[in-house]
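S.K.: So I've got this file, work-v3.cif, and it contains mmCIF, C-alpha atoms:
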```cif
data_upload
#
loop_
_atom_site.label_atom_id
_atom_site.label_comp_id
_atom_site.auth_asym_id
_atom_site.auth_seq_id
_atom_site.Cartn_x
_atom_site.Cartn_y
_atom_site.Cartn_z
CA MET V 1 -71.61 24.03 -2.91
CA ALA V 2 -74.34 22.89 -0.60
CA ALA V 3 -75.58 25.62 1.69
CA ASP V 4 -76.31 23.97 4.99
CA PRO V 5 -73.47 23.17 7.41
CA LEU V 6 -73.98 19.45 7.58
CA SER V 7 -73.98 19.09 3.81
CA ARG V 8 -70.76 21.07 3.68
CA VAL V 9 -69.20 18.62 6.12
CA PHE V 10 -70.43 15.68 4.09
CA SER V 11 -69.22 17.04 0.78
CA ALA V 12 -65.90 18.08 2.31
CA LEU V 13 -65.40 14.46 3.32
CA ALA V 14 -66.51 13.17 -0.07
CA ASP V 15 -62.96 13.34 -1.36
CA PRO V 16 -60.53 10.54 -0.43
CA THR V 17 -57.54 12.90 -0.17
CA ARG V 18 -59.44 15.15 2.22
CA ARG V 19 -60.58 12.16 4.25
CA ASP V 20 -56.99 11.06 4.48
CA MET V 21 -55.91 14.54 5.61
CA VAL V 22 -58.57 14.51 8.30
CA ALA V 23 -57.41 11.09 9.46
CA ARG V 24 -53.83 12.35 9.74
CA LEU V 25 -54.87 15.56 11.49
CA ALA V 26 -56.76 13.44 14.00
CA VAL V 27 -53.34 12.24 15.17
CA ALA V 28 -51.61 15.61 15.30
CA ASP V 29 -51.65 19.14 13.88
CA ALA V 30 -49.56 19.54 10.74
CA THR V 31 -48.33 22.26 8.44
CA VAL V 32 -49.38 22.46 4.81
CA ASN V 33 -45.97 21.17 3.79
CA GLU V 34 -46.22 18.21 6.11
CA LEU V 35 -49.71 17.47 4.87
CA ALA V 36 -48.63 17.64 1.24
CA GLU V 37 -45.70 15.26 1.68
CA PRO V 38 -47.35 11.88 1.00
CA TYR V 39 -49.38 13.12 -1.97
CA ASP V 40 -48.23 13.46 -5.52
CA VAL V 41 -49.91 16.83 -5.90
CA SER V 42 -48.91 20.47 -5.84
CA LEU V 43 -48.97 22.58 -2.68
CA GLN V 44 -51.72 24.64 -4.31
CA ALA V 45 -53.87 21.53 -4.69
CA VAL V 46 -53.35 20.69 -1.03
CA SER V 47 -54.22 24.26 -0.08
CA LYS V 48 -57.40 23.98 -2.11
CA HIS V 49 -58.38 20.82 -0.23
CA LEU V 50 -57.64 22.58 3.05
CA LYS V 51 -59.82 25.49 2.04
CA VAL V 52 -62.77 23.11 1.52
CA LEU V 53 -62.16 21.50 4.93
CA GLN V 54 -61.86 24.93 6.49
CA ASP V 55 -65.08 26.20 4.90
CA ALA V 56 -66.85 23.15 6.29
CA GLY V 57 -65.54 24.00 9.74
CA LEU V 58 -63.62 20.75 9.97
CA VAL V 59 -60.17 22.30 10.28
CA SER V 60 -58.77 25.62 11.38
CA ARG V 61 -55.41 27.33 10.98
CA SER V 62 -53.85 29.48 13.59
CA ARG V 63 -52.78 32.90 12.48
CA GLU V 64 -49.70 32.95 14.64
CA ALA V 65 -46.22 32.58 13.22
CA GLN V 66 -45.20 31.35 9.81
CA ARG V 67 -45.68 27.72 10.72
CA ARG V 68 -49.50 28.04 10.77
CA PRO V 69 -50.29 24.44 11.63
CA VAL V 70 -53.59 22.98 10.52
CA HIS V 71 -55.79 21.84 13.38
CA LEU V 72 -58.67 19.37 13.20
CA GLU V 73 -61.85 20.65 14.83
CA ALA V 74 -62.56 17.37 16.54
CA GLU V 75 -65.82 18.64 17.99
CA VAL V 76 -67.35 19.19 14.57
CA PHE V 77 -66.09 15.86 13.33
CA ASP V 78 -67.37 14.08 16.46
CA LEU V 79 -70.76 15.72 16.24
CA MET V 80 -71.24 14.47 12.71
CA THR V 81 -70.16 10.95 13.60
CA LYS V 82 -72.34 10.98 16.69
CA TRP V 83 -75.28 12.21 14.69
CA ILE V 84 -74.91 9.37 12.20
CA GLU V 85 -74.37 6.91 15.05
CA ARG V 86 -77.64 8.04 16.65
CA TYR V 87 -79.50 7.40 13.44
CA ARG V 88 -77.85 4.02 13.12
CA ARG V 89 -78.71 3.11 16.69
CA GLN V 90 -82.30 4.11 16.10
CA ALA V 91 -82.43 1.75 13.13
CA GLU V 92 -80.75 -0.96 15.19
CA GLU V 93 -83.42 -0.59 17.89
CA ARG V 94 -86.13 -0.88 15.25
CA TYR V 95 -84.49 -4.02 13.86
CA ARG V 96 -84.22 -5.51 17.35
CA ARG V 97 -87.96 -5.10 17.68
CA LEU V 98 -88.20 -6.87 14.33
CA ASP V 99 -85.96 -9.64 15.75
CA ASP V 100 -88.54 -10.11 18.52
CA VAL V 101 -91.41 -10.19 16.05
CA LEU V 102 -89.57 -12.73 13.89
CA ARG V 103 -88.91 -14.94 16.93
CA SER V 104 -92.61 -14.87 17.84
CA MET V 105 -93.73 -15.95 14.37
CA PRO V 106 -94.65 -19.62 13.90
CA ASP V 107 -92.28 -21.59 11.72
CA ASP V 108 -94.97 -22.80 9.34
CA VAL V 109 -95.70 -19.26 8.27
CA GLU V 110 -97.61 -19.16 5.03
CA PRO V 111 -95.69 -17.67 2.17
CA ALA V 112 -96.81 -14.22 1.18
CA PRO V 113 -99.51 -14.47 -1.45
CA GLU V 114 -98.43 -13.76 -4.99
CA THR V 115 -99.15 -10.15 -5.63
CA PRO V 116 -101.14 -9.45 -8.74
CA ARG V 117 -99.16 -7.34 -11.14
CA SER V 118 -100.71 -4.83 -13.42
CA PRO V 119 -98.96 -2.28 -15.57
CA ARG V 120 -101.50 0.32 -14.44
CA PRO V 121 -102.54 -0.03 -10.82
CA PRO V 122 -106.30 0.07 -10.42
CA THR V 123 -107.65 3.11 -8.67
CA GLY V 124 -109.16 2.42 -5.30
CA ALA V 125 -107.42 -0.23 -3.34
CA PRO V 126 -109.42 -3.45 -2.99
CA LYS V 127 -109.92 -4.49 0.57
CA MET W 1 -63.49 -4.72 16.90
CA THR W 2 -67.18 -5.34 17.21
CA THR W 3 -68.84 -7.72 19.61
CA SER W 4 -71.56 -8.53 17.15
CA THR W 5 -71.52 -8.93 13.40
CA ARG W 6 -75.26 -8.43 13.29
CA GLU W 7 -75.52 -4.80 14.30
CA THR W 8 -76.99 -2.50 11.70
CA GLU W 9 -74.38 -1.13 9.35
CA ILE W 10 -75.03 2.33 8.00
CA ILE W 11 -73.53 3.92 4.92
CA ILE W 12 -74.04 7.65 4.41
CA ASP W 13 -72.78 8.26 0.92
CA PRO W 14 -70.94 11.56 0.69
CA THR W 15 -71.25 11.79 -3.11
CA VAL W 16 -74.88 10.75 -3.64
CA PRO W 17 -77.74 11.78 -1.32
CA LEU W 18 -78.52 8.33 -0.05
CA VAL W 19 -78.51 6.36 3.17
CA ARG W 20 -77.92 2.62 3.06
CA MET W 21 -78.50 0.24 5.94
CA ILE W 22 -77.56 -3.40 6.12
CA ARG W 23 -78.82 -5.81 8.77
CA ASP W 24 -78.81 -9.61 9.07
CA PHE W 25 -81.65 -11.49 10.73
CA ASP W 26 -81.80 -14.95 12.26
CA ALA W 27 -84.96 -15.77 10.37
CA PRO W 28 -85.81 -17.10 6.93
CA VAL W 29 -86.52 -14.59 4.21
CA GLU W 30 -90.24 -15.47 4.10
CA LYS W 31 -90.66 -14.34 7.70
CA VAL W 32 -88.68 -11.15 7.29
CA PHE W 33 -90.70 -10.25 4.23
CA ARG W 34 -93.96 -11.13 5.95
CA ALA W 35 -93.07 -8.86 8.89
CA HIS W 36 -92.94 -6.01 6.36
CA THR W 37 -96.26 -6.72 4.67
CA ASP W 38 -98.55 -7.99 7.44
CA PRO W 39 -99.99 -4.84 9.09
CA LYS W 40 -100.27 -6.48 12.51
CA LEU W 41 -96.64 -7.61 12.46
CA PHE W 42 -95.40 -4.39 10.86
CA ALA W 43 -97.05 -2.27 13.55
CA ARG W 44 -95.21 -4.19 16.23
CA TRP W 45 -91.73 -3.14 15.19
CA MET W 46 -91.79 -0.15 12.87
CA GLY W 47 -92.65 2.60 15.34
CA PRO W 48 -90.33 3.80 18.10
CA ARG W 49 -90.94 2.17 21.46
CA ASN W 50 -92.89 4.98 23.09
CA TYR W 51 -95.05 5.61 20.07
CA GLU W 52 -98.42 4.14 19.29
CA MET W 53 -98.56 2.90 15.74
CA ARG W 54 -101.73 3.20 13.69
CA ILE W 55 -101.71 1.68 10.24
CA ASP W 56 -104.40 3.21 8.05
CA HIS W 57 -103.59 0.98 5.14
CA LEU W 58 -100.74 -1.21 3.96
CA ASP W 59 -101.71 -2.37 0.51
CA CYS W 60 -98.69 -4.50 -0.31
CA ARG W 61 -98.79 -5.06 -4.04
CA THR W 62 -97.12 -3.46 -7.01
CA GLY W 63 -99.07 -0.23 -7.51
CA GLY W 64 -100.39 -0.30 -3.95
CA SER W 65 -99.76 2.25 -1.24
CA TYR W 66 -99.48 2.71 2.51
CA HIS W 67 -100.26 5.27 5.16
CA TYR W 68 -99.43 4.99 8.82
CA VAL W 69 -99.32 7.30 11.79
CA MET W 70 -97.05 7.31 14.81
CA ILE W 71 -98.65 8.85 17.88
CA SER W 72 -96.85 10.18 20.93
CA GLU W 73 -98.32 12.40 23.62
CA GLY W 74 -101.15 13.52 21.39
CA ASN W 75 -98.88 14.35 18.48
CA GLU W 76 -99.43 12.46 15.25
CA TYR W 77 -96.71 11.91 12.68
CA GLY W 78 -98.01 10.57 9.41
CA PHE W 79 -96.06 8.75 6.72
CA TYR W 80 -97.20 7.59 3.33
CA GLY W 81 -95.95 6.26 0.05
CA SER W 82 -96.53 4.00 -2.93
CA PHE W 83 -95.31 0.51 -3.61
CA HIS W 84 -93.59 0.71 -6.92
CA GLU W 85 -92.50 -2.91 -6.92
CA MET W 86 -93.48 -5.69 -4.55
CA ARG W 87 -91.73 -8.97 -5.24
CA PRO W 88 -92.41 -11.49 -2.46
CA ASN W 89 -89.34 -12.49 -0.46
CA GLU W 90 -87.03 -10.51 -2.75
CA LEU W 91 -87.68 -6.85 -3.22
CA ILE W 92 -89.77 -3.86 -2.19
CA VAL W 93 -89.39 -0.57 -4.03
CA GLN W 94 -91.41 2.19 -2.43
CA THR W 95 -91.65 5.91 -1.97
CA PHE W 96 -91.60 7.40 1.52
CA THR W 97 -92.88 10.78 2.60
CA PHE W 98 -93.22 12.34 6.04
CA GLU W 99 -96.41 14.41 6.13
CA GLY W 100 -94.55 17.15 7.94
CA MET W 101 -92.38 17.59 4.84
CA PRO W 102 -94.80 16.89 1.98
CA ASP W 103 -92.37 18.16 -0.66
CA GLY W 104 -89.79 15.63 0.38
CA VAL W 105 -89.85 12.12 -0.95
CA ALA W 106 -87.41 9.27 -0.62
CA LEU W 107 -87.15 6.42 -3.05
CA GLU W 108 -86.50 3.29 -1.04
CA ARG W 109 -85.26 -0.07 -2.15
CA LEU W 110 -85.47 -2.98 0.29
CA VAL W 111 -83.55 -6.03 -0.86
CA PHE W 112 -84.23 -9.30 0.98
CA GLU W 113 -81.36 -11.71 0.55
CA ASP W 114 -81.55 -15.36 1.57
CA LEU W 115 -78.24 -16.12 3.32
CA GLY W 116 -79.09 -19.80 3.75
CA ALA W 117 -79.36 -21.63 7.08
CA GLY W 118 -82.50 -19.66 7.88
CA ARG W 119 -80.81 -16.28 7.81
CA THR W 120 -81.65 -13.16 5.86
CA ARG W 121 -79.84 -9.98 4.94
CA LEU W 122 -81.93 -6.85 4.53
CA THR W 123 -80.38 -3.97 2.63
CA THR W 124 -82.37 -0.74 2.63
CA THR W 125 -81.32 2.13 0.40
CA SER W 126 -83.06 5.49 0.69
CA LEU W 127 -82.37 8.02 -2.02
CA VAL W 128 -83.56 11.63 -2.03
CA ASP W 129 -83.06 14.43 -4.52
CA SER W 130 -80.68 16.66 -2.57
CA PHE W 131 -78.16 16.50 0.24
CA GLU W 132 -80.31 18.90 2.25
CA GLY W 133 -83.19 16.49 1.74
CA ARG W 134 -81.09 13.52 2.78
CA ASP W 135 -79.81 15.25 5.89
CA GLY W 136 -83.31 16.36 6.77
CA PHE W 137 -84.50 12.83 6.13
CA VAL W 138 -81.93 11.40 8.49
CA ALA W 139 -82.67 14.14 11.04
CA SER W 140 -86.44 13.59 10.82
CA GLY W 141 -86.02 10.45 12.89
CA MET W 142 -88.28 12.32 15.27
CA GLU W 143 -85.88 11.63 18.05
CA VAL W 144 -85.47 14.96 19.76
CA GLY W 145 -81.83 14.18 20.33
CA VAL W 146 -81.14 14.07 16.63
CA ARG W 147 -82.57 17.53 16.12
CA GLU W 148 -80.71 18.79 19.13
CA GLY W 149 -77.53 17.30 17.78
CA TYR W 150 -78.16 19.01 14.47
CA GLN W 151 -78.80 22.36 16.14
CA LYS W 152 -75.72 21.90 18.24
CA LEU W 153 -73.69 21.29 15.11
CA ASP W 154 -75.12 24.47 13.59
CA GLU W 155 -74.12 26.38 16.68
CA VAL W 156 -70.62 24.99 16.77
CA LEU W 157 -70.13 25.74 13.09
CA ALA W 158 -71.53 29.23 13.50
CA GLU W 159 -69.08 29.86 16.30
CA LEU W 160 -66.18 28.64 14.23
CA SER W 161 -66.99 30.79 11.23
CA ALA W 162 -67.57 33.88 13.38
#
```
Any chance you could give the structure as structure tokens?

M.R.:
Amino acid sequence: MAADPLSRVFSALADPTRRDMVARLAVADATVNELAEPYDVSLQAVSKHLKVLQDAGLVSRSREAQRRPVHLEAEVFDLMTKWIERYRRQAEERYRRLDDVLRSMPDDVEPAPETPRSPRPPTGAPK
Amino acid sequence: MTTSTRETEIIIDPTVPLVRMIRDFDAPVEKVFRAHTDPKLFARWMGPRNYEMRIDHLDCRTGGSYHYVMISEGNEYGFYGSFHEMRPNELIVQTFTFEGMPDGVALERLVFEDLGAGRTRLTTTSLVDSFEGRDGFVASGMEVGVREGYQKLDEVLAELSA
């Protein structure tokens, strides 16, 4: 199991069943029984999945009563999505600058020269 | 619903430590490729807006290498790597290292796809050797906000596990 928090979130979401559970918990809290319903797996298997989600900080379970509904920690989930979205937006900004560069290039741009291939690259780059 | 089909698509693979980005351009593949290999053109778009970009060398051939520096408020952030494969208008395979993390290296594959009608799809895949490395790689975007977001996530998670 990966040590750092973000990797735990990523690996927790690596499994399609767990992703599906998270999607359903995004709608409403649910008990383990309710969560297990649509899957053709044992309650133990579902509990195991929940444990992984819990260890990643993605879900929590209240200690009160016997119902113990599972609750999605939306803040953690949102932070991860936001974090990825930031990275994506950064790339998008870079590519928009590339859009501008491409627009400024003349149409009769010369094709890139054929690059010489050698199985062993020579030392010292020719200028 | 998206307003644009051209926005960068990002895929963060949960099972393999890679980041994949897909973006279409309204330009023929020759131009898009050229903008990656001509130092003057490359410098105009690669660095973040408020950074000065200094390209020490960009030796675009199979077996060649590159080194460039992004400068902001007196701070220099260097990046370097080797060109493992350079196939004009088709493919660039390169390594990528941030000097601040010299032990970390990403293997990057840039596929240039001619979509016809003067359009090009660029698919960039960056692969590192661990999830920690990948997450650090994504976080090393140098945008303070990303680091802050990461720290904030740490804090939230620490609170939850307390």

S.K.: Convert the output of the PyMOL selection byres ((chain V and resi 90-97) around 9) on the shown file into explicit residues, formatted as a compact mmCIF listing (two decimals) with C-alpha atoms, in the frame of the given file.

M.R.:
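Wrote result.txt, looks like this:
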```txt
# COMPACT_ATOMS: atom_id res chain seq x y z
CA GLU V 85 -74.37 6.91 15.05
CA ARG V 86 -77.64 8.04 16.65
CA TYR V 87 -79.50 7.40 13.44
CA ARG V 88 -77.85 4.02 13.12
CA ARG V 89 -78.71 3.11 16.69
CA LEU V 98 -88.20 -6.87 14.33
CA ASP V 99 -85.96 -9.64 15.75
CA ASP V 100 -88.54 -10.11 18.52
CA VAL V 101 -91.41 -10.19 16.05
CA LEU V 102 -89.57 -12.73 13.89
CA GLU W 7 -75.52 -4.80 14.30
CA THR W 8 -76.99 -2.50 11.70
CA GLU W 9 -74.38 -1.13 9.35
CA MET W 21 -78.50 0.24 5.94
CA ARG W 23 -78.82 -5.81 8.77
CA PHE W 25 -81.65 -11.49 10.73
CA ARG W 44 -95.21 -4.19 16.23
CA TRP W 45 -91.73 -3.14 15.19
CA MET W 46 -91.79 -0.15 12.87
CA GLY W 47 -92.65 2.60 15.34
CA PRO W 48 -90.33 3.80 18.10
CA ARG W 49 -90.94 2.17 21.46
CA GLY W 141 -86.02 10.45 12.89
CA GLU W 143 -85.88 11.63 18.05
```

S.K.: Given the choices W:His57, W:Arg134, W:Lys31, W:His36, which gets closest to V:Ser104 if the distance is worked out from only C-alpha atoms?

M.R.: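 Of all the options, W:Lys31 lies closest to V:Ser104.
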
S.K.: Atom CA of W:Thr123 and atom CA of W:Cys60, how far apart in Å?

M.R.: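 Interatomic distance, atom CA of W:Cys60 to atom CA of W:Thr123: 18.6 Å.
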
S.K.: Name the residues within 7 Å of (-88.0, -1.1, -3.3), counting all atoms listed in the file in the file's coordinates, and put them as an MDAnalysis selection string.

M.R.: chainID W and resid 84:85 91:94 108:110

S.K.: Could you state which residues are captured by the PyMOL selection byres ((chain V and resi 15-21) around 12) in this file, as number ranges by chain?

M.R.: V: 9-14, 22-32, 34-41, 45-54, 56, 58-59, 70-72, 77; W: 13-15

S.K.: For the file shown, what are the residues hit by the PyMOL selection byres ((chain W and resi 62) around 6), laid out as a short mmCIF file (atom, residue, chain, number, x, y, z; two decimals) with C-alpha atoms, keeping the file's coordinate frame?

M.R.:
```cif
data_model
loop_
_atom_site.label_atom_id
_atom_site.label_comp_id
_atom_site.auth_asym_id
_atom_site.auth_seq_id
_atom_site.Cartn_x
_atom_site.Cartn_y
_atom_site.Cartn_z
CA ARG W 61 -98.79 -5.06 -4.04
CA GLY W 63 -99.07 -0.23 -7.51
CA GLY W 64 -100.39 -0.30 -3.95
CA PHE W 83 -95.31 0.51 -3.61
CA HIS W 84 -93.59 0.71 -6.92
CA GLU W 85 -92.50 -2.91 -6.92
CA MET W 86 -93.48 -5.69 -4.55
#
```

S.K.: Provide the atom CA of W:Arg20 to atom CA of W:Phe96 distance in Å, to one decimal place.

M.R.: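 Between atom CA of W:Arg20 and atom CA of W:Phe96 the gap is 14.6 Å.
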
S.K.: Under the rule that all atoms listed in the file are counted, which of W:Tyr51, W:Phe131, W:Phe79, W:Tyr66 is the nearest residue to chain V?

M.R.: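 Ranking W:Tyr51, W:Phe131, W:Phe79, W:Tyr66 by distance to chain V, first place goes to W:Phe131.
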
S.K.: Check the smallest atom-to-atom distance from each of W:Ile12, W:Met101, W:Val111, W:Ala117 to W:Phe33 using all atoms listed in the file, then report the winner.

M.R.: W:Val111

S.K.: Which is closest to chain V among W:Ser72, W:Asn89, W:Thr97, W:Thr120, if we use only C-alpha atoms?

M.R.: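 Closest to chain V, using only C-alpha atoms: W:Asn89.
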
S.K.: Rank V:Ser62, V:Leu43, V:Arg8, V:Arg68 by their smallest atom-to-atom distance to chain W, using all atoms listed in the file, and report the top residue only.

M.R.: V:Arg8

S.K.: Which polymer residues have any atom within 10 Å of an atom of W:Val29, counting only C-alpha atoms, with same-chain residues fewer than 4 positions away left out, as a ChimeraX atom specification?

M.R.: /V:111 /W:25,33-35,88-90,112-116,118-122

S.K.: For each of W:Ser130, W:Ala106, W:Asn75, W:Met70, take the minimum atom-to-atom distance to chain V, counting all atoms listed in the file, then give the residue where this is smallest.

M.R.: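 Ranking W:Ser130, W:Ala106, W:Asn75, W:Met70 by distance to chain V, first place goes to W:Ser130.
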
S.K.: Quick check, in Å to one decimal: how far apart do atom CA of V:Pro69 and atom CA of V:Ser42 lie?

M.R.: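 Atom CA of V:Pro69 sits 18.0 Å away from atom CA of V:Ser42.
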